[in-house]
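S.K.: Here you go, structure_5.pdb (PDB, C-alpha atoms, pLDDT in the B column):
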```
ATOM      1  CA  MET A   1     -15.473 -17.356  28.477  1.00 38.00           C
ATOM      2  CA  PRO A   2     -16.170 -15.209  25.412  1.00 51.00           C
ATOM      3  CA  GLY A   3     -13.503 -12.716  24.374  1.00 62.00           C
ATOM      4  CA  THR A   4     -13.886  -8.984  24.262  1.00 80.00           C
ATOM      5  CA  ALA A   5     -15.166  -7.225  21.158  1.00 72.00           C
ATOM      6  CA  ALA A   6     -11.600  -6.103  20.385  1.00 72.00           C
ATOM      7  CA  GLU A   7     -10.341  -9.692  20.622  1.00 82.00           C
ATOM      8  CA  THR A   8     -13.142 -10.840  18.324  1.00 82.00           C
ATOM      9  CA  VAL A   9     -12.260  -8.263  15.661  1.00 83.00           C
ATOM     10  CA  ALA A  10      -8.552  -9.097  15.941  1.00 83.00           C
ATOM     11  CA  GLY A  11      -9.367 -12.782  15.456  1.00 86.00           C
ATOM     12  CA  GLU A  12     -11.529 -11.999  12.436  1.00 90.00           C
ATOM     13  CA  LYS A  13      -8.662 -10.009  10.933  1.00 91.00           C
ATOM     14  CA  ARG A  14      -6.204 -12.876  11.440  1.00 91.00           C
ATOM     15  CA  ALA A  15      -8.551 -15.387   9.825  1.00 94.00           C
ATOM     16  CA  LEU A  16      -9.234 -13.141   6.836  1.00 93.00           C
ATOM     17  CA  ARG A  17      -5.515 -12.424   6.395  1.00 93.00           C
ATOM     18  CA  ARG A  18      -4.764 -16.146   6.314  1.00 94.00           C
ATOM     19  CA  ALA A  19      -7.427 -16.736   3.672  1.00 94.00           C
ATOM     20  CA  LEU A  20      -6.298 -13.829   1.497  1.00 94.00           C
ATOM     21  CA  LEU A  21      -2.614 -14.722   1.758  1.00 93.00           C
ATOM     22  CA  ALA A  22      -3.430 -18.329   0.856  1.00 93.00           C
ATOM     23  CA  ALA A  23      -5.326 -17.112  -2.214  1.00 94.00           C
ATOM     24  CA  ARG A  24      -2.397 -14.904  -3.229  1.00 92.00           C
ATOM     25  CA  ALA A  25       0.014 -17.807  -2.825  1.00 91.00           C
ATOM     26  CA  HIS A  26      -1.878 -19.648  -5.575  1.00 89.00           C
ATOM     27  CA  LEU A  27      -1.684 -16.786  -8.057  1.00 87.00           C
ATOM     28  CA  PRO A  28       0.659 -17.543 -10.984  1.00 86.00           C
ATOM     29  CA  GLU A  29       3.644 -15.213 -10.893  1.00 83.00           C
ATOM     30  CA  ASP A  30       3.426 -14.439 -14.597  1.00 83.00           C
ATOM     31  CA  GLY A  31      -0.228 -13.503 -14.142  1.00 82.00           C
ATOM     32  CA  VAL A  32       0.660 -11.003 -11.413  1.00 83.00           C
ATOM     33  CA  HIS A  33       3.201  -9.348 -13.701  1.00 82.00           C
ATOM     34  CA  ARG A  34       0.879  -9.479 -16.705  1.00 85.00           C
ATOM     35  CA  VAL A  35      -1.730  -7.204 -15.117  1.00 87.00           C
ATOM     36  CA  ALA A  36       0.836  -4.701 -13.791  1.00 88.00           C
ATOM     37  CA  GLY A  37       0.265  -2.468 -16.810  1.00 89.00           C
ATOM     38  CA  ALA A  38      -3.497  -2.365 -16.242  1.00 91.00           C
ATOM     39  CA  LEU A  39      -2.994  -1.599 -12.545  1.00 92.00           C
ATOM     40  CA  ALA A  40      -0.606   1.250 -13.381  1.00 93.00           C
ATOM     41  CA  ARG A  41      -2.887   2.604 -16.103  1.00 93.00           C
ATOM     42  CA  HIS A  42      -5.923   2.779 -13.813  1.00 94.00           C
ATOM     43  CA  ALA A  43      -3.889   4.312 -10.985  1.00 94.00           C
ATOM     44  CA  LEU A  44      -2.503   6.989 -13.285  1.00 93.00           C
ATOM     45  CA  GLU A  45      -6.053   7.959 -14.261  1.00 92.00           C
ATOM     46  CA  LEU A  46      -6.573   9.238 -10.716  1.00 93.00           C
ATOM     47  CA  PRO A  47      -6.483  13.053 -10.822  1.00 93.00           C
ATOM     48  CA  GLU A  48      -4.599  13.021  -7.533  1.00 91.00           C
ATOM     49  CA  LEU A  49      -1.723  11.153  -9.153  1.00 92.00           C
ATOM     50  CA  THR A  50      -1.858  13.182 -12.352  1.00 89.00           C
ATOM     51  CA  GLY A  51      -1.091  16.382 -10.483  1.00 88.00           C
ATOM     52  CA  ALA A  52       1.137  15.016  -7.717  1.00 95.00           C
ATOM     53  CA  ARG A  53       4.700  16.211  -7.295  1.00 96.00           C
ATOM     54  CA  THR A  54       5.558  13.784  -4.471  1.00 98.00           C
ATOM     55  CA  VAL A  55       4.125  10.280  -4.074  1.00 98.00           C
ATOM     56  CA  ALA A  56       4.914   7.789  -1.327  1.00 98.00           C
ATOM     57  CA  ALA A  57       4.847   4.327  -2.875  1.00 97.00           C
ATOM     58  CA  TYR A  58       6.429   0.894  -2.343  1.00 96.00           C
ATOM     59  CA  VAL A  59       8.086  -1.807  -4.415  1.00 95.00           C
ATOM     60  CA  SER A  60       5.933  -4.918  -4.514  1.00 93.00           C
ATOM     61  CA  VAL A  61       7.403  -8.282  -3.560  1.00 88.00           C
ATOM     62  CA  GLY A  62       6.184 -11.844  -3.919  1.00 87.00           C
ATOM     63  CA  ARG A  63       2.534 -12.101  -4.961  1.00 90.00           C
ATOM     64  CA  GLU A  64       1.637  -8.520  -4.057  1.00 93.00           C
ATOM     65  CA  PRO A  65       0.002  -6.504  -6.855  1.00 93.00           C
ATOM     66  CA  ASP A  66       2.921  -5.491  -9.065  1.00 93.00           C
ATOM     67  CA  THR A  67       3.754  -1.829  -8.479  1.00 94.00           C
ATOM     68  CA  ARG A  68       6.966  -1.604 -10.475  1.00 93.00           C
ATOM     69  CA  ALA A  69       5.421  -0.339 -13.693  1.00 93.00           C
ATOM     70  CA  LEU A  70       3.576   2.351 -11.742  1.00 95.00           C
ATOM     71  CA  VAL A  71       6.635   3.410  -9.741  1.00 96.00           C
ATOM     72  CA  ASP A  72       8.764   3.586 -12.891  1.00 96.00           C
ATOM     73  CA  GLU A  73       6.141   5.583 -14.795  1.00 95.00           C
ATOM     74  CA  LEU A  74       5.802   8.106 -11.970  1.00 96.00           C
ATOM     75  CA  HIS A  75       9.587   8.447 -11.787  1.00 97.00           C
ATOM     76  CA  TRP A  76       9.816   8.844 -15.570  1.00 95.00           C
ATOM     77  CA  ARG A  77       7.229  11.633 -15.405  1.00 94.00           C
ATOM     78  CA  GLY A  78       9.395  13.541 -12.960  1.00 96.00           C
ATOM     79  CA  VAL A  79       7.375  12.783  -9.841  1.00 97.00           C
ATOM     80  CA  ARG A  80       9.423  12.515  -6.653  1.00 97.00           C
ATOM     81  CA  VAL A  81       8.701   8.966  -5.494  1.00 98.00           C
ATOM     82  CA  LEU A  82       9.423   8.099  -1.864  1.00 98.00           C
ATOM     83  CA  LEU A  83       9.921   4.444  -0.963  1.00 98.00           C
ATOM     84  CA  PRO A  84       9.841   2.951   2.538  1.00 96.00           C
ATOM     85  CA  VAL A  85      12.889   1.737   4.441  1.00 96.00           C
ATOM     86  CA  LEU A  86      12.021  -0.710   7.213  1.00 94.00           C
ATOM     87  CA  LEU A  87      13.502   0.263  10.577  1.00 94.00           C
ATOM     88  CA  PRO A  88      14.468  -2.258  13.306  1.00 94.00           C
ATOM     89  CA  ASP A  89      11.259  -1.476  15.242  1.00 93.00           C
ATOM     90  CA  ASP A  90       9.156  -1.975  12.052  1.00 92.00           C
ATOM     91  CA  ASP A  91       8.488   1.750  11.666  1.00 94.00           C
ATOM     92  CA  LEU A  92       9.230   3.217   8.230  1.00 96.00           C
ATOM     93  CA  ASP A  93      11.886   5.672   7.127  1.00 97.00           C
ATOM     94  CA  TRP A  94      11.808   6.948   3.519  1.00 98.00           C
ATOM     95  CA  ALA A  95      14.225   7.501   0.648  1.00 98.00           C
ATOM     96  CA  ALA A  96      13.784   8.772  -2.903  1.00 98.00           C
ATOM     97  CA  TYR A  97      13.499   6.310  -5.790  1.00 97.00           C
ATOM     98  CA  GLU A  98      16.246   6.872  -8.375  1.00 96.00           C
ATOM     99  CA  GLY A  99      15.686   3.800 -10.537  1.00 94.00           C
ATOM    100  CA  ALA A 100      15.598   0.025 -10.222  1.00 92.00           C
ATOM    101  CA  GLU A 101      19.399  -0.165 -10.250  1.00 94.00           C
ATOM    102  CA  PHE A 102      19.429   1.753  -6.968  1.00 94.00           C
ATOM    103  CA  LEU A 103      17.328  -0.770  -5.056  1.00 94.00           C
ATOM    104  CA  SER A 104      18.881  -3.166  -2.577  1.00 93.00           C
ATOM    105  CA  PRO A 105      17.528  -6.345  -0.899  1.00 90.00           C
ATOM    106  CA  ALA A 106      16.520  -5.808   2.719  1.00 88.00           C
ATOM    107  CA  ARG A 107      14.705  -7.569   5.565  1.00 85.00           C
ATOM    108  CA  ARG A 108      11.546  -9.570   4.832  1.00 80.00           C
ATOM    109  CA  GLY A 109      12.429  -9.817   1.155  1.00 82.00           C
ATOM    110  CA  LEU A 110      11.868  -6.098   0.604  1.00 87.00           C
ATOM    111  CA  LEU A 111      13.660  -3.930  -1.924  1.00 91.00           C
ATOM    112  CA  GLU A 112      14.751  -0.556  -0.567  1.00 93.00           C
ATOM    113  CA  PRO A 113      16.385   2.494  -2.152  1.00 95.00           C
ATOM    114  CA  THR A 114      20.074   2.922  -1.423  1.00 94.00           C
ATOM    115  CA  GLY A 115      20.006   6.738  -1.282  1.00 94.00           C
ATOM    116  CA  PRO A 116      19.974   9.053   1.735  1.00 96.00           C
ATOM    117  CA  ARG A 117      17.366   8.427   4.417  1.00 97.00           C
ATOM    118  CA  LEU A 118      14.886  11.275   4.717  1.00 97.00           C
ATOM    119  CA  GLY A 119      13.342  10.407   8.091  1.00 97.00           C
ATOM    120  CA  PRO A 120       9.933   8.968   9.059  1.00 96.00           C
ATOM    121  CA  GLN A 121       8.311  12.410   8.752  1.00 97.00           C
ATOM    122  CA  ALA A 122       9.145  12.639   5.030  1.00 98.00           C
ATOM    123  CA  VAL A 123       5.898  10.852   4.155  1.00 98.00           C
ATOM    124  CA  THR A 124       3.902  13.827   5.456  1.00 97.00           C
ATOM    125  CA  GLY A 125       5.068  15.817   2.423  1.00 97.00           C
ATOM    126  CA  ALA A 126       3.506  13.403  -0.090  1.00 98.00           C
ATOM    127  CA  GLU A 127       0.323  14.387  -1.906  1.00 97.00           C
ATOM    128  CA  VAL A 128      -0.551  10.730  -2.523  1.00 97.00           C
ATOM    129  CA  VAL A 129       0.329   7.697  -0.395  1.00 98.00           C
ATOM    130  CA  LEU A 130       0.093   4.296  -2.096  1.00 97.00           C
ATOM    131  CA  LEU A 131      -0.585   1.667   0.559  1.00 95.00           C
ATOM    132  CA  PRO A 132      -0.079  -2.069   0.435  1.00 94.00           C
ATOM    133  CA  GLY A 133      -3.057  -4.085   1.601  1.00 94.00           C
ATOM    134  CA  LEU A 134      -4.770  -7.440   1.393  1.00 96.00           C
ATOM    135  CA  ALA A 135      -8.302  -6.157   0.914  1.00 95.00           C
ATOM    136  CA  VAL A 136     -10.558  -3.117   1.149  1.00 95.00           C
ATOM    137  CA  ASP A 137     -14.287  -2.943   1.742  1.00 94.00           C
ATOM    138  CA  ARG A 138     -17.091  -0.719   0.497  1.00 92.00           C
ATOM    139  CA  ARG A 139     -16.417   1.795   3.278  1.00 93.00           C
ATOM    140  CA  GLY A 140     -12.779   2.093   2.217  1.00 94.00           C
ATOM    141  CA  MET A 141     -11.505   0.189   5.254  1.00 94.00           C
ATOM    142  CA  ARG A 142      -8.183  -1.467   4.416  1.00 94.00           C
ATOM    143  CA  LEU A 143      -6.914  -4.765   5.777  1.00 94.00           C
ATOM    144  CA  GLY A 144      -3.121  -4.762   6.056  1.00 88.00           C
ATOM    145  CA  ARG A 145      -0.753  -7.558   6.913  1.00 83.00           C
ATOM    146  CA  GLY A 146      -0.920  -6.837  10.627  1.00 78.00           C
ATOM    147  CA  GLY A 147       2.642  -5.633  11.215  1.00 81.00           C
ATOM    148  CA  GLY A 148       1.535  -2.136  12.134  1.00 84.00           C
ATOM    149  CA  SER A 149       4.086  -0.269  10.001  1.00 91.00           C
ATOM    150  CA  TYR A 150       1.490   1.583   7.977  1.00 93.00           C
ATOM    151  CA  ASP A 151      -0.719   2.180  11.006  1.00 90.00           C
ATOM    152  CA  ARG A 152       2.182   4.262  12.336  1.00 93.00           C
ATOM    153  CA  VAL A 153       2.565   6.007   8.994  1.00 95.00           C
ATOM    154  CA  LEU A 154      -1.120   6.931   8.878  1.00 93.00           C
ATOM    155  CA  ALA A 155      -1.089   8.110  12.495  1.00 93.00           C
ATOM    156  CA  ARG A 156       1.991  10.258  11.732  1.00 96.00           C
ATOM    157  CA  ILE A 157       0.277  11.789   8.700  1.00 96.00           C
ATOM    158  CA  GLU A 158      -2.866  12.538  10.705  1.00 94.00           C
ATOM    159  CA  ALA A 159      -0.883  14.101  13.566  1.00 95.00           C
ATOM    160  CA  SER A 160       0.977  16.341  11.115  1.00 96.00           C
ATOM    161  CA  GLY A 161      -2.224  17.792   9.709  1.00 95.00           C
ATOM    162  CA  ALA A 162      -1.351  16.596   6.193  1.00 95.00           C
ATOM    163  CA  ALA A 163      -4.172  15.259   4.042  1.00 94.00           C
ATOM    164  CA  PRO A 164      -2.760  13.175   1.174  1.00 96.00           C
ATOM    165  CA  ALA A 165      -4.913  10.938  -0.980  1.00 96.00           C
ATOM    166  CA  LEU A 166      -4.680   7.380   0.387  1.00 96.00           C
ATOM    167  CA  VAL A 167      -4.800   4.703  -2.308  1.00 97.00           C
ATOM    168  CA  VAL A 168      -4.532   0.928  -1.875  1.00 96.00           C
ATOM    169  CA  LEU A 169      -3.493  -1.394  -4.721  1.00 96.00           C
ATOM    170  CA  LEU A 170      -5.200  -4.785  -4.889  1.00 96.00           C
ATOM    171  CA  HIS A 171      -5.673  -7.922  -6.947  1.00 94.00           C
ATOM    172  CA  SER A 172      -8.984  -8.839  -8.530  1.00 91.00           C
ATOM    173  CA  GLY A 173     -11.320 -10.275  -5.903  1.00 91.00           C
ATOM    174  CA  GLU A 174      -9.857  -8.320  -2.984  1.00 95.00           C
ATOM    175  CA  TYR A 175     -12.531  -5.611  -3.004  1.00 93.00           C
ATOM    176  CA  LEU A 176     -14.876  -7.067  -0.388  1.00 94.00           C
ATOM    177  CA  ARG A 177     -18.259  -6.241   1.098  1.00 92.00           C
ATOM    178  CA  ARG A 178     -16.744  -5.877   4.560  1.00 93.00           C
ATOM    179  CA  VAL A 179     -13.431  -6.219   6.352  1.00 91.00           C
ATOM    180  CA  PRO A 180     -13.185  -6.191  10.161  1.00 90.00           C
ATOM    181  CA  ALA A 181     -12.003  -2.838  11.508  1.00 87.00           C
ATOM    182  CA  GLU A 182     -10.664  -1.581  14.832  1.00 83.00           C
ATOM    183  CA  PRO A 183     -10.969   1.971  16.208  1.00 82.00           C
ATOM    184  CA  HIS A 184      -7.456   2.926  15.032  1.00 81.00           C
ATOM    185  CA  ASP A 185      -8.121   1.852  11.432  1.00 83.00           C
ATOM    186  CA  ARG A 186      -8.582   4.650   8.911  1.00 86.00           C
ATOM    187  CA  PRO A 187     -10.410   4.448   5.561  1.00 92.00           C
ATOM    188  CA  VAL A 188      -8.624   5.067   2.297  1.00 95.00           C
ATOM    189  CA  HIS A 189      -9.868   7.313  -0.495  1.00 95.00           C
ATOM    190  CA  ALA A 190      -9.534   4.858  -3.391  1.00 96.00           C
ATOM    191  CA  ALA A 191      -8.641   1.291  -4.284  1.00 96.00           C
ATOM    192  CA  VAL A 192      -7.163   0.276  -7.624  1.00 95.00           C
ATOM    193  CA  THR A 193      -7.554  -3.197  -9.091  1.00 93.00           C
ATOM    194  CA  PRO A 194      -6.746  -4.443 -12.605  1.00 92.00           C
ATOM    195  CA  GLU A 195     -10.422  -3.814 -13.453  1.00 91.00           C
ATOM    196  CA  GLY A 196     -10.489  -0.170 -12.416  1.00 93.00           C
ATOM    197  CA  VAL A 197     -10.804   2.316  -9.563  1.00 94.00           C
ATOM    198  CA  HIS A 198     -13.127   2.185  -6.565  1.00 93.00           C
ATOM    199  CA  ARG A 199     -13.588   5.499  -4.752  1.00 94.00           C
ATOM    200  CA  PHE A 200     -14.659   6.091  -1.166  1.00 90.00           C
ATOM    201  CA  THR A 201     -15.550   9.102   0.933  1.00 73.00           C
ATOM    202  CA  ALA A 202     -12.623   8.886   3.382  1.00 48.00           C
TER     203      ALA A 202
END
```
Render the structure in this file as structure tokens.
M.R.:
Amino acid sequence: MPGTAAETVAGEKRALRRALLAARAHLPEDGVHRVAGALARHALELPELTGARTVAAYVSVGREPDTRALVDELHWRGVRVLLPVLLPDDDLDWAAYEGAEFLSPARRGLLEPTGPRLGPQAVTGAEVVLLPGLAVDRRGMRLGRGGGSYDRVLARIEASGAAPALVVLLHSGEYLRRVPAEPHDRPVHAAVTPEGVHRFTA
């Protein structure tokens, strides 16, 4: 018996995630770090980041696009950088980034700031939210890892009435023609790869 449309899309997402994660697993670690400067440079060309006072970001782990150069540059410029803290139910709290020496290992191999927790609502005060993702398509639809943490973040932002710029950071080859999307998925405004910036009309 054929599945529902929702089940079909969910299955397409799982298959695409597996393929993208497998491709990332084959990326040389030194290559990921080598393009971190280009990724940061292109991201910092975004006018939204140039004028931002508060940015919600994340510290990359494993073969994710390397965000550390970008996070450090924003911090050096005096931007208040909020980093996620994973809660037991996989929702996200936030804390301010005070430097690499104030990061601590946490669940799922994450690095989290050791400073005071600001609450899940803190993200609604950011002018830019940098999102992890596995791919984005020409509509700006982002494919995440499927844990739902950032779906909650985006729903919280929308419910608050805030309207930050949403930016996803990707490797080369992860800007795709189409990614499967469900009704709760929201498009981003821009994607940054080592080659440059792709803008959408989210």
S.K.: By how many Å are CA of Trp76 in chain A and CA of Phe200 in chain A apart?
M.R.: 28.5 Å
S.K.: Using only C-alpha atoms, what residues lie at most 12 Å away from (-0.4, 9.1, -3.7) (file coordinates), given as a PyMOL selection string?
M.R.: chain A and resi 43-44+46-58+70-71+74+79-83+123-132+163-169+188-192
S.K.: For the structure shown, which residues end up in the PyMOL selection byres ((chain A and resi 11-22) around 10)? Put them as a ChimeraX atom specification, please?
M.R.: /A:3,5-10,23-27,63-64,133-135,143-146,173-174,179-182
S.K.: I need the residue nearest Pro116 in chain A from this list: A:Ala100, A:Leu92, A:Val85, A:Val35. Use only C-alpha atoms for the distance.
M.R.: A:Val85
S.K.: Give the answer as one residue: which of A:Gly31, A:Gly147, A:Pro105, A:Pro183 has the shortest atom-to-atom distance to His171 in chain A, using only C-alpha atoms?
M.R.: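 Nearest candidate to His171 in chain A out of A:Gly31, A:Gly147, A:Pro105, A:Pro183: A:Gly31.
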S.K.: Restricting the calculation to only C-alpha atoms, which member of A:Glu101, A:Leu154, A:Leu118, A:Arg186 is positioned closest to Asp72 in chain A?
M.R.: A:Glu101
